[in-house]
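Trainee: Provided herewith: query_36.pdb, PDB, C-alpha atoms.
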```
MODEL        1
ATOM      1  CA  MET A   2     -21.818   7.689  -9.393
ATOM      2  CA  ALA A   3     -18.109   8.489  -9.641
ATOM      3  CA  ALA A   4     -16.733   9.154 -13.103
ATOM      4  CA  ALA A   5     -13.895   6.963 -14.352
ATOM      5  CA  ILE A   6     -11.099   9.091 -15.742
ATOM      6  CA  ASP A   7      -7.845   8.482 -17.559
ATOM      7  CA  ARG A   8      -4.378   9.936 -17.048
ATOM      8  CA  ASP A   9      -4.931  12.998 -19.215
ATOM      9  CA  ARG A  10      -8.182  13.874 -17.511
ATOM     10  CA  LEU A  11      -6.512  13.428 -14.131
ATOM     11  CA  ARG A  12      -3.901  16.011 -15.059
ATOM     12  CA  GLU A  13      -6.557  18.453 -16.195
ATOM     13  CA  LEU A  14      -8.531  18.073 -12.996
ATOM     14  CA  VAL A  15      -5.466  18.371 -10.760
ATOM     15  CA  ALA A  16      -4.448  21.529 -12.613
ATOM     16  CA  ARG A  17      -7.886  22.886 -11.744
ATOM     17  CA  GLY A  18      -7.488  22.078  -8.069
ATOM     18  CA  ALA A  19      -8.760  18.528  -7.698
ATOM     19  CA  GLN A  20      -7.555  16.590  -4.657
ATOM     20  CA  LEU A  21      -5.738  13.299  -5.191
ATOM     21  CA  VAL A  22      -6.297  10.472  -2.725
ATOM     22  CA  GLU A  23      -4.442   7.163  -2.710
ATOM     23  CA  VAL A  24      -6.475   4.460  -0.980
ATOM     24  CA  LEU A  25      -3.790   1.758  -0.870
ATOM     25  CA  PRO A  26      -2.194   0.746   2.442
ATOM     26  CA  ALA A  27       0.060   3.399   3.941
ATOM     27  CA  GLU A  28       3.203   1.345   3.307
ATOM     28  CA  GLU A  29       2.581   1.393  -0.436
ATOM     29  CA  PHE A  30       1.904   5.108  -0.289
ATOM     30  CA  ARG A  31       5.221   5.672   1.451
ATOM     31  CA  GLU A  32       7.048   3.870  -1.340
ATOM     32  CA  ASP A  33       5.457   5.707  -4.271
ATOM     33  CA  HIS A  34       2.521   7.989  -4.794
ATOM     34  CA  LEU A  35       1.372  10.580  -7.280
ATOM     35  CA  ARG A  36       2.656  14.046  -6.555
ATOM     36  CA  GLY A  37       0.530  15.886  -4.054
ATOM     37  CA  ALA A  38      -1.646  12.895  -3.170
ATOM     38  CA  ALA A  39      -3.044  12.318   0.299
ATOM     39  CA  SER A  40      -3.031   8.857   1.859
ATOM     40  CA  ILE A  41      -6.346   7.544   3.131
ATOM     41  CA  PRO A  42      -6.261   3.732   3.016
ATOM     42  CA  LEU A  43      -9.630   2.254   2.125
ATOM     43  CA  GLN A  44      -9.887   0.542   5.509
ATOM     44  CA  ASP A  45      -9.484   3.910   7.201
ATOM     45  CA  LEU A  46     -11.865   5.834   5.002
ATOM     46  CA  ASP A  47     -14.621   7.216   7.193
ATOM     47  CA  ARG A  48     -16.131  10.563   8.078
ATOM     48  CA  ASP A  49     -13.191  11.470  10.321
ATOM     49  CA  SER A  50     -10.419  10.693   7.837
ATOM     50  CA  ALA A  51     -12.374  12.258   4.981
ATOM     51  CA  ALA A  52     -12.554  15.479   6.998
ATOM     52  CA  ARG A  53      -9.000  16.116   5.774
ATOM     53  CA  LEU A  54     -10.445  16.738   2.337
ATOM     54  CA  ASP A  55     -12.394  19.719   1.062
ATOM     55  CA  PRO A  56     -15.879  18.444   0.160
ATOM     56  CA  HIS A  57     -16.406  21.384  -2.174
ATOM     57  CA  ARG A  58     -13.500  20.476  -4.447
ATOM     58  CA  ALA A  59     -13.240  17.544  -6.814
ATOM     59  CA  VAL A  60     -11.641  14.394  -5.424
ATOM     60  CA  ILE A  61      -9.788  11.786  -7.472
ATOM     61  CA  VAL A  62      -9.261   8.395  -5.864
ATOM     62  CA  TYR A  63      -6.843   5.788  -7.134
ATOM     63  CA  CYS A  64      -5.270   2.515  -6.098
ATOM     64  CA  TRP A  65      -2.725   0.287  -7.868
ATOM     65  CA  ASP A  66      -4.668  -0.726 -10.972
ATOM     66  CA  ALA A  67      -8.134  -1.585 -12.209
ATOM     67  CA  ALA A  68      -8.130  -5.104 -10.723
TER      68      ALA A  68
ATOM     69  CA  MET B   4     -10.471  -0.821  -4.384
ATOM     70  CA  SER B   5     -10.866   2.666  -5.859
ATOM     71  CA  PRO B   6     -14.529   2.118  -6.911
ATOM     72  CA  ARG B   7     -15.345   1.298  -3.294
ATOM     73  CA  ALA B   8     -13.456   4.351  -2.077
ATOM     74  CA  ALA B   9     -15.295   6.531  -4.570
ATOM     75  CA  ALA B  10     -18.644   5.120  -3.481
ATOM     76  CA  ARG B  11     -17.798   5.702   0.159
ATOM     77  CA  LEU B  12     -16.786   9.321  -0.465
ATOM     78  CA  GLU B  13     -20.091   9.938  -2.206
ATOM     79  CA  GLN B  14     -21.861   8.553   0.850
ATOM     80  CA  LEU B  15     -19.845  11.045   2.865
ATOM     81  CA  ASP B  16     -21.358  13.903   0.842
ATOM     82  CA  PHE B  17     -18.532  14.554  -1.585
ATOM     83  CA  THR B  18     -20.302  15.759  -4.692
ATOM     84  CA  GLU B  19     -17.574  15.494  -7.338
ATOM     85  CA  VAL B  20     -15.680  12.227  -7.105
ATOM     86  CA  HIS B  21     -13.565  10.777  -9.910
ATOM     87  CA  GLU B  22     -11.918   7.407 -10.105
ATOM     88  CA  TYR B  23      -8.551   7.037 -11.834
ATOM     89  CA  SER B  24      -9.227   3.394 -12.480
ATOM     90  CA  ALA B  25      -5.945   2.538 -14.218
ATOM     91  CA  GLY B  26      -4.247   3.678 -11.034
ATOM     92  CA  LYS B  27      -0.674   4.087  -9.912
ATOM     93  CA  LEU B  28       0.489   1.263 -12.159
ATOM     94  CA  ASP B  29      -0.657   3.167 -15.237
ATOM     95  CA  TRP B  30       1.011   6.346 -14.023
ATOM     96  CA  MET B  31       4.339   4.682 -13.323
ATOM     97  CA  ALA B  32       4.226   2.566 -16.485
ATOM     98  CA  ALA B  33       4.028   5.799 -18.435
ATOM     99  CA  GLY B  34       7.331   6.778 -16.870
ATOM    100  CA  LEU B  35       5.814   9.660 -14.928
ATOM    101  CA  ALA B  36       7.333  10.941 -11.723
ATOM    102  CA  THR B  37       6.172   9.938  -8.277
ATOM    103  CA  GLU B  38       6.940  10.987  -4.727
ATOM    104  CA  GLY B  39       7.947   8.664  -1.913
ATOM    105  CA  GLU B  40      10.820   6.580  -0.584
ATOM    106  CA  ASN B  41      11.341   4.852  -3.919
ATOM    107  CA  ALA B  42      11.105   7.943  -6.052
ATOM    108  CA  ALA B  43      14.808   8.759  -5.813
ATOM    109  CA  ARG B  44      15.978   5.156  -6.178
ATOM    110  CA  PRO B  45      17.185   4.023  -9.578
ATOM    111  CA  ARG B  46      14.730   2.183 -11.761
ATOM    112  CA  ALA B  47      14.804   0.735 -15.232
ATOM    113  CA  GLY B  48      13.585   4.002 -16.713
ATOM    114  CA  THR B  49      16.114   6.203 -14.979
ATOM    115  CA  VAL B  50      19.120   4.011 -15.809
ATOM    116  CA  ALA B  51      18.120   3.246 -19.406
ATOM    117  CA  ARG B  52      19.974   5.082 -22.142
ATOM    118  CA  THR B  53      17.651   7.232 -24.174
ATOM    119  CA  ASP B  54      19.835   8.048 -27.175
ATOM    120  CA  VAL B  55      19.610   4.572 -28.705
ATOM    121  CA  PRO B  56      19.425   4.483 -32.509
ATOM    122  CA  ILE B  57      15.990   3.648 -33.838
ATOM    123  CA  CYS B  58      14.932   2.571 -37.296
ATOM    124  CA  GLY B  59      11.900   1.398 -39.214
ATOM    125  CA  VAL B  60      11.086  -1.943 -40.789
ATOM    126  CA  ASP B  61      11.533  -0.502 -44.292
ATOM    127  CA  ASP B  62      15.062   0.752 -43.684
ATOM    128  CA  ARG B  63      17.985  -0.956 -45.369
ATOM    129  CA  LEU B  64      20.060  -2.934 -42.887
ATOM    130  CA  GLY B  65      23.349  -1.587 -44.196
ATOM    131  CA  ASP B  66      22.209   1.989 -43.660
ATOM    132  CA  VAL B  67      21.089   1.226 -40.128
ATOM    133  CA  ARG B  68      24.370  -0.550 -39.377
ATOM    134  CA  GLU B  69      26.392   2.455 -40.528
ATOM    135  CA  ARG B  70      24.296   4.853 -38.506
ATOM    136  CA  THR B  71      24.365   2.638 -35.426
ATOM    137  CA  GLN B  72      28.107   2.088 -35.503
ATOM    138  CA  ALA B  73      28.785   5.756 -36.173
ATOM    139  CA  ALA B  74      26.876   6.571 -33.011
ATOM    140  CA  GLY B  75      28.944   4.053 -31.035
ATOM    141  CA  TRP B  76      26.189   1.500 -30.502
ATOM    142  CA  ASP B  77      25.918  -2.208 -31.241
ATOM    143  CA  VAL B  78      22.148  -2.346 -30.931
ATOM    144  CA  ALA B  79      19.253  -0.555 -32.594
ATOM    145  CA  VAL B  80      15.561  -0.613 -31.813
ATOM    146  CA  VAL B  81      12.980  -1.054 -34.536
ATOM    147  CA  THR B  82       9.873   1.051 -34.007
ATOM    148  CA  ASN B  83       6.865   2.276 -35.908
ATOM    149  CA  ALA B  84       6.207   5.977 -36.529
ATOM    150  CA  SER B  85       4.847   6.350 -32.979
ATOM    151  CA  ARG B  86       7.994   4.854 -31.425
ATOM    152  CA  VAL B  87       6.192   1.632 -30.526
ATOM    153  CA  VAL B  88       8.794  -1.128 -30.325
ATOM    154  CA  VAL B  89       8.361  -3.886 -32.916
ATOM    155  CA  GLY B  90      11.827  -5.437 -32.987
ATOM    156  CA  MET B  91      15.505  -5.301 -32.091
ATOM    157  CA  LEU B  92      18.711  -5.405 -34.055
ATOM    158  CA  ARG B  93      21.539  -6.659 -31.894
ATOM    159  CA  ALA B  94      25.121  -7.157 -33.079
ATOM    160  CA  GLN B  95      24.318 -10.479 -34.724
ATOM    161  CA  GLU B  96      21.455  -9.051 -36.783
ATOM    162  CA  LEU B  97      23.329  -5.853 -37.594
ATOM    163  CA  ALA B  98      26.100  -7.945 -39.122
ATOM    164  CA  GLY B  99      23.735  -9.414 -41.727
ATOM    165  CA  ASP B 100      23.371  -8.725 -45.455
ATOM    166  CA  ALA B 101      23.483  -4.978 -45.973
ATOM    167  CA  ASP B 102      20.845  -5.050 -48.690
ATOM    168  CA  VAL B 103      18.022  -6.731 -46.796
ATOM    169  CA  LEU B 104      15.327  -4.691 -45.155
ATOM    170  CA  VAL B 105      15.216  -4.413 -41.382
ATOM    171  CA  GLU B 106      11.919  -6.280 -41.378
ATOM    172  CA  ARG B 107      13.730  -9.400 -42.603
ATOM    173  CA  ALA B 108      16.679  -9.045 -40.271
ATOM    174  CA  MET B 109      15.213  -7.946 -36.949
ATOM    175  CA  ARG B 110      14.313 -10.030 -33.943
ATOM    176  CA  PRO B 111      10.583  -9.361 -33.655
ATOM    177  CA  GLY B 112       8.704  -8.881 -30.409
ATOM    178  CA  PRO B 113      11.528  -8.438 -27.905
ATOM    179  CA  SER B 114      10.706  -8.659 -24.203
ATOM    180  CA  THR B 115      10.219  -5.191 -22.838
ATOM    181  CA  PHE B 116      10.095  -3.850 -19.303
ATOM    182  CA  ARG B 117       8.403  -0.898 -17.677
ATOM    183  CA  PRO B 118      10.275   2.174 -16.451
ATOM    184  CA  TYR B 119       9.235   1.710 -12.803
ATOM    185  CA  VAL B 120      10.907  -1.681 -12.249
ATOM    186  CA  PRO B 121      13.550  -1.353  -9.506
ATOM    187  CA  ILE B 122      17.057  -1.586 -10.884
ATOM    188  CA  LYS B 123      18.039  -4.435  -8.554
ATOM    189  CA  GLU B 124      15.234  -6.556  -9.940
ATOM    190  CA  MET B 125      16.212  -5.676 -13.497
ATOM    191  CA  ALA B 126      19.852  -6.532 -12.810
ATOM    192  CA  ASP B 127      18.907  -9.905 -11.327
ATOM    193  CA  TYR B 128      16.499 -10.709 -14.154
ATOM    194  CA  MET B 129      18.888  -9.699 -16.920
ATOM    195  CA  SER B 130      21.736 -11.665 -15.349
ATOM    196  CA  GLU B 131      19.580 -14.749 -14.855
ATOM    197  CA  HIS B 132      18.281 -14.626 -18.435
ATOM    198  CA  LYS B 133      21.577 -13.505 -19.952
ATOM    199  CA  LEU B 134      20.043 -10.382 -21.474
ATOM    200  CA  ASP B 135      22.713  -7.893 -22.460
ATOM    201  CA  SER B 136      20.168  -5.190 -23.171
ATOM    202  CA  SER B 137      16.422  -4.710 -22.996
ATOM    203  CA  PRO B 138      14.070  -2.089 -24.344
ATOM    204  CA  ILE B 139      12.196  -0.120 -21.709
ATOM    205  CA  THR B 140       8.748   0.863 -22.853
ATOM    206  CA  THR B 141       5.803   2.789 -21.490
ATOM    207  CA  SER B 142       2.380   1.192 -21.094
ATOM    208  CA  ASP B 143       1.463   2.032 -24.690
ATOM    209  CA  GLY B 144       4.553   0.237 -25.995
ATOM    210  CA  SER B 145       6.524   3.392 -26.790
ATOM    211  CA  LEU B 146      10.275   3.261 -26.431
ATOM    212  CA  ALA B 147      11.601   5.002 -23.320
ATOM    213  CA  GLY B 148      15.184   3.749 -23.693
ATOM    214  CA  VAL B 149      17.419   0.712 -23.665
ATOM    215  CA  LEU B 150      18.743  -0.704 -20.428
ATOM    216  CA  PHE B 151      22.116  -2.412 -20.530
ATOM    217  CA  ARG B 152      22.836  -5.194 -18.086
ATOM    218  CA  ALA B 153      26.201  -3.718 -17.182
ATOM    219  CA  ASP B 154      24.531  -0.425 -16.253
ATOM    220  CA  ALA B 155      21.809  -2.205 -14.282
ATOM    221  CA  VAL B 156      24.301  -4.321 -12.323
ATOM    222  CA  ARG B 157      26.476  -1.316 -11.531
ATOM    223  CA  GLU B 158      23.533   0.756 -10.316
ATOM    224  CA  ALA B 159      22.066  -2.142  -8.338
ATOM    225  CA  GLU B 160      25.277  -2.532  -6.362
ATOM    226  CA  GLY B 161      24.655   0.919  -4.971
ATOM    227  CA  CYS B 162      21.013   0.200  -4.197
ATOM    228  CA  PRO B 163      20.773  -3.086  -2.259
ATOM    229  CA  ASP B 164      17.328  -2.317  -0.822
ATOM    230  CA  CYS B 165      15.620  -1.921  -4.212
ATOM    231  CA  VAL B 166      14.079  -5.368  -3.986
ATOM    232  CA  ARG B 167      10.309  -5.059  -4.342
ATOM    233  CA  LYS B 168       9.177  -7.406  -7.126
ATOM    234  CA  MET B 169       7.472  -5.653 -10.031
ATOM    235  CA  ILE B 170       8.322  -7.790 -13.072
TER     236      ILE B 170
ENDMDL
END
```
Starting from the file, give its structure as structure tokens.
Mentor:
Amino acid sequence: MAAAIDRDRLRELVARGAQLVEVLPAEEFREDHLRGAASIPLQDLDRDSAARLDPHRAVIVYCWDAA
Amino acid sequence: MSPRAAARLEQLDFTEVHEYSAGKLDWMAAGLATEGENAARPRAGTVARTDVPICGVDDRLGDVRERTQAAGWDVAVVTNASRVVVGMLRAQELAGDADVLVERAMRPGPSTFRPYVPIKEMADYMSEHKLDSSPITTSDGSLAGVLFRADAVREAEGCPDCVRKMI
């Protein structure tokens, strides 16, 4: 099961090479996203779109908030 | 949304998946930088003045008034030791009895806004509610600066497309 992390832990993981993925709609990604994040909207998340990511490195997913 | 994305990635054989559950809102509310079309547009946090005088509840009002006026301000923010905003001293409060403590003189619990709010929205809100100035705080309540309505209105005139609602 995926581990929930906070902002500080996110920074640590990114500094160690973790991949950031925003799963909000592409329009929201275009407006604002965390530095270096990739956009894979949840509705588009499948084996093909996930192939953009390195499965051997940590992945951090985020959306707008916890709601 | 992110728990479902994390679960899906695990199904797709990703072995180390983390979920930043507080999300982009938490990041932006902390005043941290983003990339994207809005990143270069003015927001509450980028227009706010950061050199505002601050004081504590145990300070003497007369001392705060002298310090505030000497710095060319007519407003001071009351914070705790961690810079969490607990009150405001605007011109009316600053003009009070010099010997009272700030705790007795301040306006407690002022409305605060997050650094990511687009400046056009701040300008409209502050004009509508006749707010001359507002503290801008991060998600933990810490003071990031004070936004003046005049600054917000001036910046908003140069940014007519900053209209996404975030307040």
Trainee: Need the shell around Pro42 in chain A: protein/DNA/RNA residues with any atom at most 8 Å away, counting only C-alpha atoms. Skip same-chain ones fewer than 4 positions apart. Format as a ChimeraX atom specification?
Mentor: /A:23-27,46
Trainee: Mind listing as a list in words which residues of chain A are within 6 Å of chain B, counting all atoms listed in the file?
Mentor: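 Close to chain B, chain A has Ala3, Ala4, Ala5, Ile6, Asp7, Arg31, Glu32, Asp33, His34, Leu35, Arg36, Pro56, Ala59, Val60, Ile61, Val62, Tyr63, Cys64, Trp65, Asp66 and Ala67 of chain A.
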Trainee: Quote the spacing between CA of Leu97 in chain B and CA of Ala155 in chain B in Å to one decimal place.
Mentor: 23.6 Å
Trainee: Tell me, in Å to one decimal, how far CA of Val149 in chain B is from CA of Val120 in chain B.
Mentor: 13.4 Å
Trainee: Can you measure CA of Asp135 in chain B to CA of Glu106 in chain B for me? One decimal in Å is fine.
Mentor: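 Separation of CA of Asp135 in chain B and CA of Glu106 in chain B: 21.8 Å.
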Trainee: Care to translate the PyMOL selection byres ((chain B and resi 59-68) around 10) into actual residues of this file, as number ranges by chain?
Mentor: B: 56-58, 69-74, 76-84, 86, 88-90, 92, 94, 96-109
Trainee: Let me know the residues the PyMOL selection byres ((chain B and resi 142) around 7) catches in the file above, as a list in words.
Mentor: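 Checked against the file, the PyMOL selection byres ((chain B and resi 142) around 7) matches Asp29, Ala32, Ala33, Thr140, Thr141, Asp143 and Gly144 of chain B.
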Trainee: Padding of 3 Å on every side, edges along x, y and z, all listed atoms of range 36-51 of chain A included: what centre and edge lengths in Å, to one decimal, does that box have, as JSON?
Mentor:
```
{"center_x": -6.7, "center_y": 8.2, "center_z": 1.9, "size_x": 24.8, "size_y": 21.3, "size_z": 22.9}
```
Trainee: Applied to this file, what does the PyMOL selection byres ((chain B and resi 159) around 10) return in terms of residues, put as an MDAnalysis selection string?
Mentor: chainID B and resid 44:46 121:127 153:158 160:166
Trainee: Step by step: start from the point (18.9, -4.3, -20.8) in the file's coordinates, keep every protein, DNA or RNA residue that has an atom no farther than 10 Å from it, count all atoms listed in the file, and write the set as a list in words.
Mentor: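 These residues have at least one counted atom within 10 Å: Ala47, Val50, Ala51, Arg52, Ser114, Thr115, Phe116, Met125, Ala126, Tyr128, Met129, Ser130, Lys133, Leu134, Asp135, Ser136, Ser137, Pro138, Ile139, Gly148, Val149, Leu150, Phe151, Arg152, Ala153, Asp154 and Ala155 of chain B.
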